[in-house]
>>> print(open('start-v6.txt').read())   # compact mmCIF, C-alpha atoms
# COMPACT_ATOMS: atom_id res chain seq x y z
CA MET A 25 -29.97 23.95 9.90
CA MET A 26 -27.16 25.93 11.56
CA ALA A 27 -27.65 24.00 14.81
CA VAL A 28 -27.32 20.68 12.95
CA VAL A 29 -24.10 21.76 11.23
CA ALA A 30 -22.61 23.08 14.47
CA GLY A 31 -23.48 19.85 16.27
CA TRP A 32 -22.01 17.78 13.40
CA ALA A 33 -18.64 19.49 13.78
CA LEU A 34 -18.15 18.17 17.33
CA ALA A 35 -16.77 14.63 17.44
CA GLN A 36 -19.30 12.94 19.69
CA LYS A 37 -19.71 9.44 20.97
CA GLY A 38 -21.81 7.50 18.50
CA GLU A 39 -21.40 9.94 15.60
CA VAL A 40 -21.23 8.11 12.25
CA VAL A 41 -18.25 8.69 9.95
CA LYS A 42 -18.66 7.19 6.47
CA VAL A 43 -15.54 6.11 4.54
CA VAL A 44 -15.88 5.22 0.84
CA ARG A 45 -13.11 3.39 -1.01
CA ILE A 46 -12.78 3.84 -4.77
CA ASP A 47 -11.10 0.70 -6.15
CA PRO A 48 -11.58 -2.25 -8.51
CA LEU A 49 -13.94 -5.05 -7.47
CA THR A 50 -14.11 -6.60 -10.95
CA GLY A 51 -11.67 -7.48 -13.75
CA LEU A 52 -8.25 -9.14 -13.47
CA LEU A 53 -7.27 -7.06 -10.42
CA GLY A 54 -10.72 -7.30 -8.81
CA PRO A 55 -9.76 -10.08 -6.32
CA VAL A 56 -7.32 -7.68 -4.58
CA GLY A 57 -10.03 -5.02 -4.21
CA VAL A 58 -12.54 -7.60 -2.93
CA ASN A 59 -10.06 -8.74 -0.27
CA GLN A 60 -9.42 -5.15 0.82
CA ASP A 61 -13.16 -4.40 0.88
CA LYS A 62 -13.53 -7.20 3.47
CA SER A 63 -10.52 -5.83 5.39
CA TYR A 64 -12.03 -2.33 5.58
CA LYS A 65 -15.36 -3.70 6.80
CA TYR A 66 -13.61 -5.86 9.39
CA PHE A 67 -11.57 -2.95 10.78
CA ALA A 68 -14.40 -0.38 10.54
CA GLU A 69 -16.25 -2.64 12.98
CA LYS A 70 -13.18 -3.24 15.17
CA PHE A 71 -12.35 0.46 15.52
CA SER A 72 -15.90 1.77 15.96
CA GLY A 73 -17.30 3.19 19.20
CA ALA A 74 -15.15 2.12 22.15
CA GLY A 75 -12.52 0.99 19.59
CA ASN A 76 -11.39 4.61 19.02
CA PRO A 77 -10.71 7.50 21.42
CA ALA A 78 -13.26 9.80 19.72
CA GLY A 79 -16.03 7.22 20.16
CA VAL A 80 -17.25 7.64 16.57
CA LYS A 81 -18.83 4.84 14.55
CA PHE A 82 -17.16 4.03 11.22
CA GLU A 83 -19.20 2.87 8.24
CA PHE A 84 -17.61 1.68 5.02
CA GLU A 85 -18.38 0.83 1.41
CA THR A 86 -16.43 0.37 -1.86
CA ILE A 87 -17.37 1.82 -5.25
CA ASP A 88 -15.98 -0.28 -8.13
CA ASN A 89 -13.83 1.94 -10.37
CA LYS A 90 -12.72 -0.92 -12.71
CA LEU A 91 -9.16 0.47 -12.21
CA SER A 92 -10.05 3.44 -14.44
CA PRO A 93 -9.11 7.04 -13.51
CA ALA A 94 -12.21 8.30 -15.38
CA GLU A 95 -14.52 5.87 -13.50
CA SER A 96 -12.79 6.91 -10.26
CA LEU A 97 -13.67 10.57 -10.82
CA ASN A 98 -17.33 9.58 -11.38
CA ALA A 99 -17.21 7.52 -8.17
CA LEU A 100 -15.71 10.46 -6.26
CA LYS A 101 -18.51 12.74 -7.45
CA ALA A 102 -21.14 10.14 -6.47
CA ALA A 103 -19.64 9.80 -2.98
CA ILE A 104 -19.42 13.58 -2.48
CA ASP A 105 -23.02 13.98 -3.68
CA LYS A 106 -24.04 11.56 -0.89
CA GLY A 107 -22.26 13.74 1.68
CA VAL A 108 -19.20 11.51 2.16
CA ARG A 109 -16.17 13.43 3.49
CA TYR A 110 -13.60 10.59 3.74
CA ILE A 111 -12.37 8.82 0.60
CA ALA A 112 -9.94 5.88 0.52
CA GLN A 113 -8.07 4.37 -2.43
CA GLY A 114 -4.92 2.39 -3.09
CA ASN A 115 -4.83 0.21 -6.19
CA GLY A 116 -3.14 2.20 -8.93
CA SER A 117 -1.02 5.33 -8.64
CA SER A 118 -2.53 6.61 -11.90
CA VAL A 119 -5.93 6.59 -10.14
CA ALA A 120 -4.37 8.17 -7.03
CA LEU A 121 -2.88 11.06 -9.03
CA ALA A 122 -6.27 11.72 -10.69
CA LEU A 123 -8.05 11.65 -7.31
CA VAL A 124 -5.56 14.03 -5.65
CA ASP A 125 -6.12 16.55 -8.43
CA ALA A 126 -9.93 16.20 -8.23
CA VAL A 127 -10.02 16.42 -4.41
CA ASN A 128 -7.81 19.54 -4.49
CA LYS A 129 -10.17 21.24 -6.97
CA HIS A 130 -13.32 20.20 -5.10
CA ASN A 131 -12.01 21.46 -1.75
CA GLU A 132 -10.90 24.77 -3.24
CA ARG A 133 -14.33 25.36 -4.80
CA ASN A 134 -16.45 24.05 -1.91
CA PRO A 135 -15.30 25.48 1.43
CA GLY A 136 -17.16 23.80 4.27
CA LYS A 137 -17.59 20.57 2.25
CA GLU A 138 -13.95 19.48 2.14
CA VAL A 139 -13.02 15.84 1.53
CA LEU A 140 -10.00 13.97 2.94
CA TYR A 141 -8.24 11.33 0.83
CA LEU A 142 -6.70 8.35 2.67
CA ASN A 143 -4.22 6.42 0.54
CA ASP A 144 -3.62 2.84 1.66
CA SER A 145 -1.54 1.42 -1.22
CA ALA A 146 -0.64 3.83 -4.05
CA VAL A 147 3.14 4.24 -3.75
CA ASP A 148 4.26 6.67 -6.48
CA PRO A 149 6.70 9.03 -4.64
CA ASP A 150 5.27 12.04 -6.53
CA LEU A 151 2.15 11.81 -4.35
CA THR A 152 4.16 13.08 -1.37
CA ASN A 153 6.65 15.13 -3.39
CA SER A 154 5.81 17.23 -6.46
CA LYS A 155 2.07 16.36 -6.26
CA CYS A 156 1.76 16.49 -2.45
CA SER A 157 -1.54 17.79 -1.08
CA TYR A 158 -2.85 18.89 2.31
CA TRP A 159 -5.89 16.67 1.64
CA HIS A 160 -3.92 13.47 0.93
CA PHE A 161 -2.38 11.16 3.55
CA ARG A 162 -0.37 8.07 2.58
CA PHE A 163 -0.33 5.05 4.91
CA ASP A 164 1.80 2.75 2.74
CA ALA A 165 5.55 3.29 2.30
CA ASP A 166 6.37 4.92 -1.03
CA THR A 167 8.62 3.41 -3.70
CA SER A 168 11.65 5.51 -2.68
CA MET A 169 11.36 4.04 0.86
CA LYS A 170 10.84 0.47 -0.34
CA ILE A 171 13.71 0.61 -2.85
CA GLU A 172 15.97 2.13 -0.17
CA ALA A 173 15.33 -0.91 2.06
CA MET A 174 15.44 -3.38 -0.83
CA SER A 175 18.75 -2.08 -2.20
CA SER A 176 20.31 -2.04 1.29
CA TYR A 177 19.37 -5.68 1.71
CA ILE A 178 20.78 -6.60 -1.71
CA LYS A 179 24.01 -4.74 -0.86
CA ASP A 180 24.45 -6.34 2.58
CA SER A 181 22.98 -9.82 2.17
CA LEU A 182 22.89 -10.84 -1.50
CA PRO A 183 26.46 -10.49 -2.82
CA ASP A 184 25.81 -13.25 -5.40
CA VAL A 185 23.35 -11.00 -7.30
CA LYS A 186 25.25 -9.59 -10.29
CA LYS A 187 22.69 -9.18 -13.08
CA VAL A 188 19.23 -7.64 -12.61
CA PHE A 189 16.22 -7.48 -14.93
CA LEU A 190 13.55 -4.80 -14.24
CA LEU A 191 10.02 -5.90 -15.21
CA ASN A 192 7.16 -3.58 -14.31
CA GLN A 193 3.65 -2.46 -15.19
CA ASN A 194 3.49 0.36 -17.73
CA TYR A 195 2.03 3.17 -15.61
CA SER A 196 3.37 5.68 -13.07
CA HIS A 197 4.08 3.09 -10.31
CA GLY A 198 6.00 0.73 -12.63
CA HIS A 199 8.03 3.60 -14.07
CA GLN A 200 8.99 4.77 -10.57
CA VAL A 201 10.05 1.27 -9.41
CA ALA A 202 12.42 1.01 -12.39
CA LYS A 203 13.75 4.55 -11.93
CA TYR A 204 14.46 4.26 -8.19
CA ALA A 205 15.87 0.72 -8.50
CA LYS A 206 18.43 1.87 -11.10
CA GLU A 207 19.45 4.89 -9.00
CA ALA A 208 19.77 2.93 -5.73
CA LEU A 209 21.69 -0.01 -7.21
CA LYS A 210 24.11 2.35 -8.97
CA ARG A 211 24.73 4.07 -5.62
CA LYS A 212 24.99 0.97 -3.42
CA ARG A 213 26.01 -1.87 -5.75
CA PRO A 214 27.71 -0.35 -8.81
CA ASP A 215 28.98 -3.84 -9.71
CA ILE A 216 25.42 -4.95 -10.51
CA GLN A 217 24.55 -4.85 -14.20
CA ILE A 218 21.01 -4.02 -15.38
CA VAL A 219 20.70 -6.59 -18.17
CA GLY A 220 17.15 -5.79 -19.24
CA GLU A 221 14.18 -3.53 -18.62
CA ASP A 222 10.61 -4.03 -19.74
CA LEU A 223 7.23 -2.43 -19.14
CA HIS A 224 3.99 -4.28 -19.91
CA PRO A 225 0.32 -3.16 -20.02
CA LEU A 226 -1.41 -3.04 -16.62
CA ALA A 227 -3.79 -5.98 -15.98
CA GLN A 228 -3.89 -7.07 -19.64
CA VAL A 229 -1.20 -9.75 -19.99
CA ARG A 230 -2.50 -13.29 -19.49
CA ASP A 231 0.68 -15.14 -20.46
CA PHE A 232 4.08 -13.93 -19.24
CA ALA A 233 6.03 -16.77 -20.94
CA PRO A 234 7.58 -14.39 -23.56
CA TYR A 235 8.81 -12.10 -20.76
CA ILE A 236 10.31 -15.05 -18.85
CA ALA A 237 12.07 -16.20 -22.03
CA LYS A 238 13.54 -12.70 -22.38
CA ILE A 239 14.64 -12.67 -18.71
CA LYS A 240 16.32 -16.08 -19.05
CA ALA A 241 18.08 -14.99 -22.27
CA SER A 242 19.43 -11.89 -20.51
CA GLY A 243 21.25 -14.04 -17.92
CA ALA A 244 19.59 -12.13 -15.06
CA ASP A 245 20.02 -13.74 -11.64
CA MET A 246 17.35 -11.44 -10.13
CA VAL A 247 14.13 -9.78 -11.29
CA ILE A 248 12.96 -6.62 -9.50
CA THR A 249 9.24 -6.02 -9.98
CA GLY A 250 6.56 -3.79 -8.48
CA ASN A 251 3.86 -5.94 -10.13
CA TRP A 252 0.74 -6.71 -8.10
CA GLY A 253 -2.40 -8.82 -8.35
CA SER A 254 -2.76 -10.99 -11.46
CA ASP A 255 0.30 -9.32 -13.01
CA LEU A 256 2.52 -10.82 -10.31
CA ALA A 257 0.64 -14.12 -9.90
CA LEU A 258 0.79 -14.84 -13.65
CA LEU A 259 4.44 -13.72 -13.82
CA VAL A 260 5.59 -16.17 -11.13
CA LYS A 261 3.40 -18.91 -12.66
CA ALA A 262 5.20 -18.37 -15.99
CA ALA A 263 8.58 -18.35 -14.20
CA ASN A 264 7.77 -21.71 -12.56
CA GLU A 265 6.58 -23.23 -15.84
CA GLY A 266 9.48 -21.75 -17.80
CA GLY A 267 12.12 -23.00 -15.37
CA TYR A 268 13.52 -19.60 -14.36
CA THR A 269 15.61 -20.24 -11.23
CA GLY A 270 16.78 -16.70 -10.43
CA LYS A 271 15.59 -14.57 -7.52
CA PHE A 272 12.60 -12.23 -7.45
CA PHE A 273 12.46 -9.05 -5.36
CA THR A 274 8.84 -7.93 -5.09
CA TYR A 275 6.47 -5.60 -3.27
CA TYR A 276 3.41 -7.87 -3.27
CA THR A 277 4.23 -11.59 -2.98
CA GLY A 278 1.72 -11.96 -0.13
CA VAL A 279 -1.21 -10.49 -2.08
CA THR A 280 -4.22 -12.49 -3.40
CA GLY A 281 -3.31 -15.13 -5.99
CA THR A 282 0.48 -14.89 -5.80
CA PRO A 283 1.01 -17.37 -2.91
CA THR A 284 -0.99 -20.00 -4.84
CA ALA A 285 0.90 -19.26 -8.07
CA LEU A 286 4.21 -19.71 -6.23
CA GLY A 287 3.15 -22.82 -4.34
CA LYS A 288 6.16 -24.78 -3.12
CA ASN A 289 8.34 -23.16 -5.80
CA GLY A 290 10.54 -20.14 -5.19
CA GLU A 291 11.63 -21.23 -1.72
CA GLY A 292 14.47 -18.98 -0.57
CA ARG A 293 14.40 -17.10 -3.90
CA VAL A 294 11.36 -14.81 -3.69
CA TYR A 295 11.67 -11.73 -1.47
CA GLN A 296 9.19 -9.05 -0.47
CA VAL A 297 9.72 -5.54 0.89
CA ALA A 298 6.69 -4.21 2.81
CA TYR A 299 5.56 -2.44 5.98
CA GLY A 300 4.19 -5.71 7.38
CA HIS A 301 4.07 -9.47 6.82
CA TYR A 302 2.16 -12.62 7.73
CA ASN A 303 4.09 -13.49 10.89
CA MET A 304 4.09 -10.21 12.83
CA GLY A 305 3.04 -11.78 16.14
CA GLY A 306 1.07 -9.86 18.79
CA GLN A 307 -2.05 -7.88 17.87
CA ALA A 308 -1.51 -8.15 14.10
CA GLN A 309 -1.38 -11.94 14.37
CA LYS A 310 -4.67 -12.02 16.29
CA TRP A 311 -6.31 -9.93 13.54
CA LEU A 312 -4.87 -12.17 10.81
CA ASP A 313 -6.11 -15.36 12.48
CA GLU A 314 -9.55 -13.91 13.26
CA PHE A 315 -9.93 -12.55 9.71
CA LYS A 316 -9.01 -15.94 8.21
CA ALA A 317 -11.53 -17.72 10.47
CA LYS A 318 -14.25 -15.20 9.53
CA TYR A 319 -13.69 -14.85 5.76
CA ASN A 320 -11.55 -17.88 4.79
CA ASP A 321 -9.18 -15.30 3.28
CA ASP A 322 -5.85 -13.70 4.14
CA MET A 323 -5.68 -10.10 5.37
CA TYR A 324 -2.54 -8.35 4.10
CA THR A 325 -3.29 -4.59 3.86
CA LEU A 326 -2.13 -3.60 7.33
CA ALA A 327 -2.38 0.07 6.32
CA ILE A 328 -6.13 -0.27 6.91
CA PRO A 329 -6.04 -0.62 10.72
CA ARG A 330 -3.54 2.25 10.77
CA ILE A 331 -6.00 4.47 8.88
CA PHE A 332 -8.69 3.83 11.51
CA GLU A 333 -6.20 4.24 14.39
CA MET A 334 -4.99 7.57 13.02
CA LEU A 335 -8.51 8.82 12.20
CA GLY A 336 -9.80 7.99 15.68
CA ALA A 337 -6.81 9.65 17.37
CA ALA A 338 -7.00 12.74 15.12
CA MET A 339 -10.75 13.14 15.65
CA ALA A 340 -10.28 12.90 19.42
CA LYS A 341 -7.46 15.46 19.26
CA ALA A 342 -9.48 17.81 17.01
CA LYS A 343 -12.71 17.22 18.99
CA SER A 344 -14.30 17.16 15.54
CA THR A 345 -14.94 15.00 12.48
CA ASP A 346 -14.59 18.00 10.15
CA PRO A 347 -11.94 16.93 7.58
CA VAL A 348 -10.18 20.34 7.77
CA LYS A 349 -9.66 20.00 11.53
CA VAL A 350 -8.92 16.27 11.33
CA ALA A 351 -6.23 16.88 8.66
CA GLN A 352 -4.63 19.50 10.91
CA ALA A 353 -4.72 17.10 13.89
CA MET A 354 -3.23 14.26 11.82
CA GLU A 355 -0.19 16.30 10.77
CA GLY A 356 2.77 15.11 12.86
CA LEU A 357 0.50 12.75 14.82
CA LYS A 358 2.22 9.81 16.51
CA VAL A 359 0.29 6.63 17.30
CA ASN A 360 1.37 3.40 18.96
CA THR A 361 0.28 0.58 16.70
CA PHE A 362 0.79 -3.18 16.24
CA ASN A 363 4.54 -2.80 15.56
CA GLY A 364 5.55 0.26 17.56
CA GLU A 365 5.22 4.01 17.13
CA ILE A 366 4.39 5.44 13.72
CA GLU A 367 4.25 9.10 12.72
CA MET A 368 2.38 10.97 10.01
CA ARG A 369 5.10 13.31 8.77
CA LYS A 370 3.78 16.87 8.70
CA THR A 371 5.92 18.02 5.77
CA ASP A 372 4.37 15.73 3.15
CA HIS A 373 1.76 13.49 4.89
CA GLN A 374 3.88 10.35 4.36
CA LEU A 375 3.59 7.81 7.18
CA GLN A 376 6.93 7.02 8.82
CA GLN A 377 7.04 3.33 9.73
CA PRO A 378 9.30 0.26 9.83
CA LEU A 379 9.88 -1.84 6.70
CA TYR A 380 10.47 -5.60 6.55
CA ILE A 381 12.30 -7.85 4.12
CA THR A 382 10.74 -11.32 4.03
CA VAL A 383 11.53 -14.45 2.00
CA TRP A 384 9.27 -17.26 0.75
CA GLN A 385 9.88 -20.39 2.87
CA LYS A 386 8.07 -23.38 4.32
CA ALA A 387 5.82 -22.44 7.24
CA ASP A 388 7.13 -23.74 10.59
CA ALA A 389 6.49 -23.42 14.33
CA LYS A 390 8.21 -20.01 14.45
CA ASN A 391 6.48 -18.65 11.33
CA PRO A 392 3.25 -20.64 11.13
CA TYR A 393 0.88 -18.46 9.09
CA SER A 394 0.40 -19.93 5.62
CA PRO A 395 -1.27 -17.64 3.03
CA GLU A 396 -3.78 -19.40 0.77
CA ASN A 397 -3.02 -22.63 2.69
CA THR A 398 0.07 -23.25 0.57
CA GLY A 399 2.16 -24.68 3.43
CA MET A 400 4.55 -21.80 2.68
CA THR A 401 4.93 -18.34 4.22
CA LEU A 402 6.93 -15.11 4.20
CA VAL A 403 9.67 -15.31 6.82
CA PRO A 404 11.15 -12.00 8.10
CA VAL A 405 14.91 -11.72 7.50
CA LYS A 406 15.49 -7.99 8.12
CA GLU A 407 13.68 -5.06 9.73
CA TYR A 408 14.49 -1.44 8.93
CA PRO A 409 13.21 0.97 11.63
CA ASN A 410 11.41 4.24 10.81
CA TYR A 411 14.52 6.41 10.67
CA VAL A 412 16.29 4.01 8.26
CA SER A 413 13.35 3.49 5.89
CA SER A 414 12.53 7.23 5.77
CA THR A 415 13.49 9.18 2.64
CA PRO A 416 13.58 12.97 2.10
CA THR A 417 10.75 14.87 0.44
CA GLY A 418 10.61 17.85 -1.91
CA CYS A 419 7.00 18.63 -0.97
CA GLN A 420 6.01 22.31 -0.97
CA MET A 421 2.60 21.95 0.65
CA LYS A 422 -0.11 24.59 0.38
CA ARG A 423 -2.16 24.64 3.55
CA PRO A 424 -5.64 26.17 3.84
CA GLY A 425 -5.73 29.79 4.96
>>> encode(input="start-v6.txt", output="C-alpha cells")
Amino acid sequence: MMAVVAGWALAQKGEVVKVVRIDPLTGLLGPVGVNQDKSYKYFAEKFSGAGNPAGVKFEFETIDNKLSPAESLNALKAAIDKGVRYIAQGNGSSVALALVDAVNKHNERNPGKEVLYLNDSAVDPDLTNSKCSYWHFRFDADTSMKIEAMSSYIKDSLPDVKKVFLLNQNYSHGHQVAKYAKEALKRKRPDIQIVGEDLHPLAQVRDFAPYIAKIKASGADMVITGNWGSDLALLVKAANEGGYTGKFFTYYTGVTGTPTALGKNGEGRVYQVAYGHYNMGGQAQKWLDEFKAKYNDDMYTLAIPRIFEMLGAAMAKAKSTDPVKVAQAMEGLKVNTFNGEIEMRKTDHQLQQPLYITVWQKADAKNPYSPENTGMTLVPVKEYPNYVSSTPTGCQMKRPG
C-alpha cells in the first residue's frame, strides 16, 4: 500500500487526475450547467497527455446539485468518498461559500486526503477576502474587479447615463453587485443618481414584466445587473416586450439563452464586462469554432481552459498531483494563455487577468462569431489589462504547517 501511495504522489506521464464539478444540470439554471459540462469535457480532452507539461490525463464529470448548497455538500461528500481530490464549481456564490467551508473542514480533519477547490464562475469578493482559503482558487474575475472596469467605462465613455437602476438576484452575488456598483459610481460618477434598487428570488421569477414597469417608472436610463441564466434571459425578454429602451450593463449577456432573448433588440445598448468574449481571435477563436461544430452550442466559460492550463503547469512544477503540493505550486504561478500572461495571485488565490467591455451589435467581418445564431454578437469596445482590473484584497490566509 505504501508503495502505491508513494508512486501516486509523483506526477507521471499517463497518470489520471479526476475533476468533479458540482453544479446544476436541471431546473431553470440547468442549461448553463449543461453547457459548462460539455466545455469541461472538451477541455479535459484537449489538455490531457501531451496537452499539459505534466503529461497527466484529465477525466471529468458533473454532479447535479440543483443549485442547492445542501445538495452541494452531499455531492462533495460523494466525490470525496470516491477518492476525488479536485472539485470544481461556479454557478452560485452561496454554493461556493458553503463548499469553501466544507473543504476547509475536510482538509483539516483528513491530512493526506486534501481536496482542492477550483472556482470557475462564483464571483463574490468575500471568497478571496474575508473567506479566503488556501484550498480555493478563483479563475473568474470577482465583482470588485468587474465593477471597477464597468464603472471606469461608464465614467469615460457613457456621459449620457444619469440615472441607474440596480436589479439583482437575492443572494450573496446579487448583494455584492449592488454594493460595489453604488460605491464605485459614487466615487467615479457622483452625478449619477441611483433611482431604484431591487432584489428578486434566484431562479424563481418567470415573468419580469413588473420589474420592467418599475424600472421604466423610475426614469432609469441604465440597468446594472449581475443576473445570469434564465434570470437574465427572461429579464431582457420582458424589457423587449415592455418597450424599455435604456441601456443594460451585465456580466452574462453571452451566456445560454440570453442571446436568443435579446435577438436583434438591444443593439448598442447592452454591455457586458467579462474576462473574455466571442471574438477573441487566435487560439480562443479556434476553440470556439471547433466547440460549436462539435456540440452545436456556444462555449463561453473561458475560465475552464485556464483551470487545465494552470493545473498542468502546477503539477509539472510540483512533480506531483498531490493537492497540497499543487496548491503550493499554483501560488504566484504565471502562465501564458490565449490572451497573454495571467497570474494566480499568491495573497488570495485570485487570478489576475485582463477584462473586456463588449457591446451587443450585428455580427460583421471583423467580429463574425454569432452566439445562438442570432446574427448578433458582442463587439469589444475596451480592454483593461491585468494591472488595471486588479483590486486589493484583505485576505489573511492560513497556510498548512
>>> closest_atom_pairs(input="start-v6.txt", of="region 287-396 of chain A", to="region 136-153 of chain A", cutoff="8 Å", atoms="all atoms listed in the file", output="tab-separated table")
residue	atom	partner	partner_atom	distance
A:Thr325	CA	A:Asp144	CA	7.8
A:Ala327	CA	A:Asp144	CA	5.6
A:Ile328	CA	A:Asp144	CA	6.6
A:Ile331	CA	A:Leu142	CA	7.4
A:Pro347	CA	A:Leu140	CA	5.8
A:Val348	CA	A:Glu138	CA	6.8
A:Ala351	CA	A:Leu140	CA	7.4
A:Asp372	CA	A:Thr152	CA	5.2
A:His373	CA	A:Thr152	CA	6.7
A:Gln374	CA	A:Thr152	CA	6.4
>>> write_last_selection(input="start-v6.txt", atoms="C-alpha atoms", output="short mmCIF file (atom, residue, chain, number, x, y, z; two decimals), keeping the file's coordinate frame")
data_model
loop_
_atom_site.label_atom_id
_atom_site.label_comp_id
_atom_site.auth_asym_id
_atom_site.auth_seq_id
_atom_site.Cartn_x
_atom_site.Cartn_y
_atom_site.Cartn_z
CA THR A 325 -3.29 -4.59 3.86
CA ALA A 327 -2.38 0.07 6.32
CA ILE A 328 -6.13 -0.27 6.91
CA ILE A 331 -6.00 4.47 8.88
CA PRO A 347 -11.94 16.93 7.58
CA VAL A 348 -10.18 20.34 7.77
CA ALA A 351 -6.23 16.88 8.66
CA ASP A 372 4.37 15.73 3.15
CA HIS A 373 1.76 13.49 4.89
CA GLN A 374 3.88 10.35 4.36
#
>>> closest_residue(input="start-v6.txt", among="A:Asp245, A:Glu333, A:Glu132, A:Asp125", to="Ile366 (chain A)", atoms="all atoms listed in the file")
A:Glu333
>>> atom_distance(input="start-v6.txt", atom1="CA of Leu223 (chain A)", atom2="CA of Asn194 (chain A)")
4.9 Å
>>> residues_around(input="start-v6.txt", residues="Asp313 (chain A)", least_positions_apart="5", cutoff="10 Å", atoms="all atoms listed in the file", output="JSON, numbers by chain")
{"A": [302, 308, 318, 320, 321, 322, 323, 393]}
>>> residues_around(input="start-v6.txt", residues="Trp252 (chain A)", least_positions_apart="5", cutoff="8 Å", atoms="all atoms listed in the file", output="list in words")
Ala257, Tyr275, Tyr276, Thr277 and Val279 of chain A
>>> closest_residue(input="start-v6.txt", among="A:Thr345, A:Thr417, A:Asn251, A:Asn115", to="Val43 (chain A)", atoms="all atoms listed in the file")
A:Thr345
>>> residues_near_point(input="start-v6.txt", point="(9.7, 4.4, 4.4)", cutoff="8 Å", atoms="only C-alpha atoms", output="PyMOL selection string")
chain A and resi 165-166+168-170+375-379+410+412-415
>>> write_last_selection(input="start-v6.txt", atoms="C-alpha atoms", output="PDB file, in the frame of the given file")
ATOM      1  CA  ALA A 165       5.550   3.290   2.300  1.00  0.00           C
ATOM      2  CA  ASP A 166       6.370   4.920  -1.030  1.00  0.00           C
ATOM      3  CA  SER A 168      11.650   5.510  -2.680  1.00  0.00           C
ATOM      4  CA  MET A 169      11.360   4.040   0.860  1.00  0.00           C
ATOM      5  CA  LYS A 170      10.840   0.470  -0.340  1.00  0.00           C
ATOM      6  CA  LEU A 375       3.590   7.810   7.180  1.00  0.00           C
ATOM      7  CA  GLN A 376       6.930   7.020   8.820  1.00  0.00           C
ATOM      8  CA  GLN A 377       7.040   3.330   9.730  1.00  0.00           C
ATOM      9  CA  PRO A 378       9.300   0.260   9.830  1.00  0.00           C
ATOM     10  CA  LEU A 379       9.880  -1.840   6.700  1.00  0.00           C
ATOM     11  CA  ASN A 410      11.410   4.240  10.810  1.00  0.00           C
ATOM     12  CA  VAL A 412      16.290   4.010   8.260  1.00  0.00           C
ATOM     13  CA  SER A 413      13.350   3.490   5.890  1.00  0.00           C
ATOM     14  CA  SER A 414      12.530   7.230   5.770  1.00  0.00           C
ATOM     15  CA  THR A 415      13.490   9.180   2.640  1.00  0.00           C
TER      16      THR A 415
END
>>> atom_distance(input="start-v6.txt", atom1="CA of Pro55 (chain A)", atom2="CA of Val127 (chain A)")
26.6 Å
>>> atom_distance(input="start-v6.txt", atom1="CA of Ile236 (chain A)", atom2="CA of Ala262 (chain A)")
6.7 Å
>>> closest_residue(input="start-v6.txt", among="A:Tyr295, A:Phe189, A:Trp159, A:Trp384", to="Gln217 (chain A)", atoms="only C-alpha atoms")
A:Phe189
>>> build_atoms(input="start-v6.txt", residues="region 120-130 of chain A", atoms="N, CA, C and O atoms", output="PDB file, in the coordinates of the input")
ATOM      1  N   ALA A 120      -4.680   7.302  -8.173  1.00  0.00           N
ATOM      2  CA  ALA A 120      -4.370   8.170  -7.030  1.00  0.00           C
ATOM      3  C   ALA A 120      -4.064   9.597  -7.477  1.00  0.00           C
ATOM      4  O   ALA A 120      -4.554  10.566  -6.890  1.00  0.00           O
ATOM      5  N   LEU A 121      -3.263   9.734  -8.530  1.00  0.00           N
ATOM      6  CA  LEU A 121      -2.880  11.060  -9.030  1.00  0.00           C
ATOM      7  C   LEU A 121      -4.123  11.816  -9.537  1.00  0.00           C
ATOM      8  O   LEU A 121      -4.261  13.019  -9.323  1.00  0.00           O
ATOM      9  N   ALA A 122      -5.032  11.089 -10.202  1.00  0.00           N
ATOM     10  CA  ALA A 122      -6.270  11.720 -10.690  1.00  0.00           C
ATOM     11  C   ALA A 122      -7.151  12.157  -9.517  1.00  0.00           C
ATOM     12  O   ALA A 122      -7.742  13.247  -9.531  1.00  0.00           O
ATOM     13  N   LEU A 123      -7.223  11.321  -8.468  1.00  0.00           N
ATOM     14  CA  LEU A 123      -8.050  11.650  -7.310  1.00  0.00           C
ATOM     15  C   LEU A 123      -7.498  12.837  -6.528  1.00  0.00           C
ATOM     16  O   LEU A 123      -8.261  13.700  -6.078  1.00  0.00           O
ATOM     17  N   VAL A 124      -6.172  12.891  -6.356  1.00  0.00           N
ATOM     18  CA  VAL A 124      -5.560  14.030  -5.650  1.00  0.00           C
ATOM     19  C   VAL A 124      -5.938  15.336  -6.337  1.00  0.00           C
ATOM     20  O   VAL A 124      -6.359  16.301  -5.690  1.00  0.00           O
ATOM     21  N   ASP A 125      -5.807  15.345  -7.651  1.00  0.00           N
ATOM     22  CA  ASP A 125      -6.120  16.550  -8.430  1.00  0.00           C
ATOM     23  C   ASP A 125      -7.600  16.935  -8.258  1.00  0.00           C
ATOM     24  O   ASP A 125      -7.931  18.107  -8.021  1.00  0.00           O
ATOM     25  N   ALA A 126      -8.489  15.928  -8.331  1.00  0.00           N
ATOM     26  CA  ALA A 126      -9.930  16.200  -8.230  1.00  0.00           C
ATOM     27  C   ALA A 126     -10.317  16.649  -6.823  1.00  0.00           C
ATOM     28  O   ALA A 126     -11.142  17.570  -6.669  1.00  0.00           O
ATOM     29  N   VAL A 127      -9.725  16.033  -5.796  1.00  0.00           N
ATOM     30  CA  VAL A 127     -10.020  16.420  -4.410  1.00  0.00           C
ATOM     31  C   VAL A 127      -9.538  17.850  -4.146  1.00  0.00           C
ATOM     32  O   VAL A 127     -10.238  18.654  -3.527  1.00  0.00           O
ATOM     33  N   ASN A 128      -8.335  18.172  -4.638  1.00  0.00           N
ATOM     34  CA  ASN A 128      -7.810  19.540  -4.490  1.00  0.00           C
ATOM     35  C   ASN A 128      -8.785  20.566  -5.071  1.00  0.00           C
ATOM     36  O   ASN A 128      -9.104  21.577  -4.437  1.00  0.00           O
ATOM     37  N   LYS A 129      -9.259  20.292  -6.296  1.00  0.00           N
ATOM     38  CA  LYS A 129     -10.170  21.240  -6.970  1.00  0.00           C
ATOM     39  C   LYS A 129     -11.500  21.339  -6.236  1.00  0.00           C
ATOM     40  O   LYS A 129     -12.034  22.439  -6.048  1.00  0.00           O
ATOM     41  N   HIS A 130     -12.039  20.189  -5.824  1.00  0.00           N
ATOM     42  CA  HIS A 130     -13.320  20.200  -5.100  1.00  0.00           C
ATOM     43  C   HIS A 130     -13.208  21.024  -3.814  1.00  0.00           C
ATOM     44  O   HIS A 130     -14.078  21.853  -3.515  1.00  0.00           O
TER      45      HIS A 130
END
